[in-house]
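Student: Handing you this structure, nothing more for now.
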Amino acid sequence: MENAKLETEIEKTLEQSGFELVDIKLASHNGKPLVQVFVDRETGGVLLDDCAVLSEKLGECLDTNNFYENGYFLEVSSPGMDRVLKKEKDFKRFIGKHAKVRLKRPVSGSRVYYGDIAGFENGQVLLSGDLKFSLEEIDEVRLHPTDDEILKGK
């Protein structure tokens with residue numbers, strides 16, 4: 001199965017419902033494929049009822065496109081407060097928020113950096129303290145909420 005096609009079809013189904021794809025994780029559970037889909041939307045967040053509706057729609061999408069002939073498990077959820085950031089629009093949306101950047105290889109002796117997101121330019125994530133990392137250097141970027149943000153649920 002082609003992961004790019006799977007992602008394209010899932011993204012299309014979510015956009016039709018007013019949601020965006022944050023991430024897809026593929027794994028195995030009890031010998032069957034496990035498809036974990038993390039969704040968000042710019043306003044209002046993601047509610048449990050949204051996940052139920054989207055799970056039904058995404059299940060139809062997977063079945064219609066015959067992605068898994070012998071069954072699968074599907075989980076649809078919010079990305080959480082420490083959501084992963086992957087796309088240029090993610091970095092622009094969360095300017096000013098604190099993030100944790102994990103690199104593929106050490107830079108200046110470290111693979112992990114923390115800073116406030118300052119933007120995205122020329123394929124590089126910009127962080128406070130004049131830190132810049134290209135998407136090719138990055139293994140993962142996640143929001144790193146402060147204690148106050150966690151307590152307030154923001």
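Ordered as shown in the structure tokens, chains take letters A, B, and onward, while each chain numbers its residues from 1 and ligands are numbered from 1 in the order shown.
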May I have all residues of segment 16-154 of chain A that DSSP, computed from the backbone, assigns to alpha helix (DSSP H), given as number ranges by chain?

Tutor: A: 16, 48-64, 88-93, 147-152

Student: Can you tell me, as a compact mmCIF listing (two decimals) with N, CA and C atoms, in the first residue's frame, what residues are no more than 8 Å from Gly119 of chain A when counting only C-alpha atoms, ignoring any on the same chain fewer than 3 positions away?

Tutor:
```txt
# COMPACT_ATOMS: atom_id res chain seq x y z
N PHE A 91 3.91 26.11 11.62
CA PHE A 91 4.87 27.00 12.27
C PHE A 91 4.37 28.44 12.27
N LYS A 92 3.72 28.84 11.20
CA LYS A 92 3.20 30.21 11.13
C LYS A 92 2.01 30.37 12.08
N ILE A 95 3.29 30.80 15.90
CA ILE A 95 4.34 31.78 16.23
C ILE A 95 4.12 32.27 17.66
N VAL A 125 12.79 26.37 10.06
CA VAL A 125 12.03 26.72 11.25
C VAL A 125 12.88 27.71 12.03
N LEU A 126 12.27 28.85 12.39
CA LEU A 126 12.97 29.89 13.14
C LEU A 126 12.51 29.86 14.58
N LEU A 127 13.48 29.82 15.49
CA LEU A 127 13.18 29.82 16.93
C LEU A 127 13.85 31.04 17.56
```

Student: Select, from A:Lys12, A:Lys5, A:Lys32, A:Arg83, the residue with the minimum atom-to-atom distance to His98 of chain A, counting only C-alpha atoms.

Tutor: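 Ranking A:Lys12, A:Lys5, A:Lys32, A:Arg83 by distance to His98 of chain A, first place goes to A:Arg83.
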
Student: Separation of atom CA of Tyr114 of chain A and atom CA of Lys100 of chain A, in Å?

Tutor: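 Here the two named atoms are 4.6 Å from each other.
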
Student: From the options A:Gly123, A:Gly109, A:Gly129, A:Gly18, which residue's atoms come nearest to Gly44 of chain A, counting only C-alpha atoms?

Tutor: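 Looking only at the distances to Gly44 of chain A, the closest residue turns out to be A:Gly18.
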
Student: Quick one: of A:Thr13, A:Ser28, A:Asn70, A:Ser78, who's nearest to Glu56 of chain A, counting only C-alpha atoms?

Tutor: A:Thr13
